[in-house]
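Reviewing the structure listed below.
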Number of protein chains: 2
Amino acid sequence: MYICAMKLEEAIKQTKPFSSEIQKLFINIQLTASHLNCMMSQRLKPFDLSPQQFNVLRILKGKHPDSYSNQEITERMIDKSSNATRIADKLLEKKLITRTANKADRRAVDIRITAKGLALLDEISEQLKREQFVPAGYNEEKARLMNEWLDELRG
Amino acid sequence: MYICAMKLEEAIKQTKPFSSEIQKLFINIQLTASHLNCMMSQRLKPFDLSPQQFNVLRILKGKHPDSYSNQEITERMIDKSSNATRIADKLLEKKLITRTANKADRRAVDIRITAKGLALLDEISEQLKREQFVPAGYNEEKARLMNEWLDELRG
DNA sequence: ACTAAATAAATGTATATACAAATAAAATAC
DNA sequence: GTATTTTATTTGTATATACATTTATTTAGT
């Protein structure tokens with residue numbers, strides 16, 4: 001995912017035509033996801049965050065100053081298969097979050113974003129705004145339709 | 001990626017509206033890619049293949065009975081970051097491919113799919129056909145438009 | 001031809017993923 | 001109230017990813 005210098009346009013050198021547009025769409029979605037992830041990785045690297053760590057930090061910002069449990073974070077992550085505990089471990093090392101035992105349920109943990117975490121998100125947000133990586137010619141209506149169709153595709 | 005029992009519709013429990021449809025689209029594409037990969041993983045598991053291994057096998061089928069080099073395989077893979085050598089190692093263990101030194105360039109290797117590999121692909125293809133996992137209401141024209149727009153998005 | 005630069009593949013390594021299993025606490029059953 | 005089941009999180013582990021480095025070979029420069 002971190003090899004980004006690649007021209008994805010000539011991406012998979014497919015010579016034969018695809019058997020159907022839907023066949024092609026499956027591959028296109030995977031390719032585009034890989035491309036987006038790649039772009040995010042590059043942009044987050046100077047801040048020493050992985051896309052997953054960034055995702056968790058934003059989730060916690062949405063609840064600040066209150067906390068989420070490990071489980072609530074997992075429910076909100078884009079990639080649910082990764083281990084919220086271990087991502088939190090990394091964020092904890094960098095003091096971007098705090099993790100304390102829950103008072104009511106001693107099995108659960110309360111995870112909160114710190115002031116340092118919030119400041120980092122602001123900094124990154126400024127950086128991303130400056131780059132503006134939405135391609136020209138793209139518009140909200142197209143995006144809205146695609147969102148609708150992607151939901152159908154999964155449904 | 002292998003946690004598939006998940007309802008992706010209520011996927012990330014986003015309560016606040018997204019700041020834009022394009023913002024939402026980025027996440028939707030990643031989510032859908034993860035979903036597709038998940039479905040493929042499940043379906044390939046009985047055949048003891050990962051999606052990447054399956055991808056490489058299909059690439060080699062496209063060239064059969066001729067060979068591709070390691071490099072040519074990488075160029076055609078959806079996820080270029082993974083190591084073609086090590087994927088080939090796995091396929092070799094299962095005798096689904098052969099790997100021999102190239103006559104003209106002794107640095108390069110010739111990788112070919114075996115009869116066993118071709119038979120496995122046929123078997124999988126039959127299985128996938130039987131399942132038919134394209135959602136109702138989906139059509140080629142929608143897929144064609146999305147392909148066009150995804151290409152724009154990456155471009 | 002001899003050296004330097006480029007290329008193809010393999011290998012090393014730290015981290016991440018995809019689970020399974022373990023641990024611990026809470027809820028439920030009886 | 002004790003035993004059983006469920007739930008929340010952590011830990012273990014095999015494999016995969018994202019590179020960097022190494023090795024072997026070929027090509028280009030002089």
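By convention in this document, the chains of the structure tokens carry letters A, B, ... by their order, each chain's residues are numbered from 1, and ligands are numbered from 1 in the order they are shown.
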Using 7 Å as the limit and counting only C-alpha atoms (C1' of nucleotides), can you tabulate each residue of chain C that touches chain B, with its shortest atom-to-atom distance in Å and the two atoms involved, as CSV?
residue,atom,partner,partner_atom,distance
C:DA8,C1',B:Arg107,CA,5.3
C:DA9,C1',B:Arg107,CA,6.8
C:DA18,C1',B:Tyr2,CA,6.1
Margin query: Using only C-alpha atoms (C1' of nucleotides), I'd like every residue of chain D that has an atom within 7 Å of chain B; please write them out as an MDAnalysis selection string.
Written below: chainID D and resid 17:18 24:25
Next item on the list: Could you please select, counting only C-alpha atoms, the residues of chain A within 7 Å of chain B and state them as a VMD selection string?
Entry: chain A and resid 1 to 3 9 12 to 13 21 to 22 25 28 to 33 75 to 78 81 135 140 143 to 144 146 to 147 150 153 to 155
Margin query: Among chain A, which residues does DSSP mark as strand (DSSP E) when it is run on the backbone? Keep the chain and numbering as in the structure and answer as a list in words.
Written below: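 The residues of chain A classed as strand (DSSP E) are Ile97, Thr98, Arg99, Thr100, Ala101, Val109, Asp110, Ile111, Arg112 and Ile113 of chain A.
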Next item on the list: Taking the chain letters and numbering used in this document, name the residues of region 79-146 of chain A that DSSP puts in alpha helix (DSSP H), as a PyMOL selection string.
Entry: chain A and resi 84-93+115-131+140-146
Checklist line | Nearby residues (only C-alpha atoms (C1' of nucleotides)) at most 6 Å from Ser67 (chain A), same-chain spacing under 2 positions excluded, as a list in words | finding: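 Here the answer would be Asp110, Ile111 and Arg112 of chain A.
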Given the selection you just returned, output its residues as a file containing C-alpha atoms, formatted as a PDB file, in the first residue's frame.
ATOM      1  CA  ASP A 110     -12.396   4.476  28.589  1.00  0.00           C
ATOM      2  CA  ILE A 111     -10.356   5.868  25.727  1.00  0.00           C
ATOM      3  CA  ARG A 112     -10.110   9.625  25.252  1.00  0.00           C
TER       4      ARG A 112
END
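Excluding DT13 (chain C) itself and same-chain residues fewer than 2 positions from it, the residues having an atom within 10 Å of it are C:DT11, C:DT15, D:DC19, D:DA20, counting only C-alpha atoms (C1' of nucleotides).
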Keeping N, CA and C atoms (P, O5', C5', C4', C3', O3' and C1' of nucleotides) for every residue in the selection just given, could you write it to a file as a compact mmCIF listing (two decimals), in the first residue's frame?
# COMPACT_ATOMS: atom_id res chain seq x y z
P DT C 11 16.04 -16.39 -1.38
O5' DT C 11 16.29 -15.27 -0.28
C5' DT C 11 17.58 -14.67 -0.20
C4' DT C 11 17.55 -13.54 0.82
C3' DT C 11 16.93 -13.90 2.17
O3' DT C 11 17.90 -13.61 3.16
C1' DT C 11 16.10 -11.84 1.39
P DT C 15 8.77 -1.50 14.71
O5' DT C 15 7.35 -1.64 13.98
C5' DT C 15 7.10 -0.88 12.80
C4' DT C 15 5.93 -1.48 12.07
C3' DT C 15 4.64 -1.59 12.91
O3' DT C 15 3.65 -0.81 12.26
C1' DT C 15 5.04 -3.56 11.65
P DC D 19 5.79 1.88 1.88
O5' DC D 19 6.68 1.11 0.79
C5' DC D 19 8.04 1.42 0.63
C4' DC D 19 8.86 0.82 1.78
C3' DC D 19 10.35 0.84 1.51
O3' DC D 19 10.94 1.94 2.18
C1' DC D 19 9.64 -1.23 2.49
P DA D 20 12.38 2.45 1.55
O5' DA D 20 13.45 1.45 2.17
C5' DA D 20 13.52 1.23 3.57
C4' DA D 20 14.72 0.35 3.87
C3' DA D 20 15.99 0.74 3.10
O3' DA D 20 17.10 0.58 3.96
C1' DA D 20 15.33 -1.47 2.51
Which residues of chain C have any atom within 12 Å of an atom in region 1-9 of chain D when counting only C-alpha atoms (C1' of nucleotides), and what is the closest pair of atoms for each, with the distance in Å to one decimal? Order the rows by chain and rising number and write it as a Markdown table.
| residue | atom | partner | partner_atom | distance |
| --- | --- | --- | --- | --- |
| C:DA22 | C1' | D:DT9 | C1' | 10.5 |
| C:DT23 | C1' | D:DT9 | C1' | 8.6 |
| C:DA24 | C1' | D:DT9 | C1' | 8.7 |
| C:DA25 | C1' | D:DA8 | C1' | 8.4 |
| C:DA26 | C1' | D:DT7 | C1' | 7.6 |
| C:DA27 | C1' | D:DT6 | C1' | 7.2 |
| C:DT28 | C1' | D:DT5 | C1' | 7.2 |
| C:DA29 | C1' | D:DT4 | C1' | 7.3 |
| C:DC30 | C1' | D:DA3 | C1' | 8.6 |
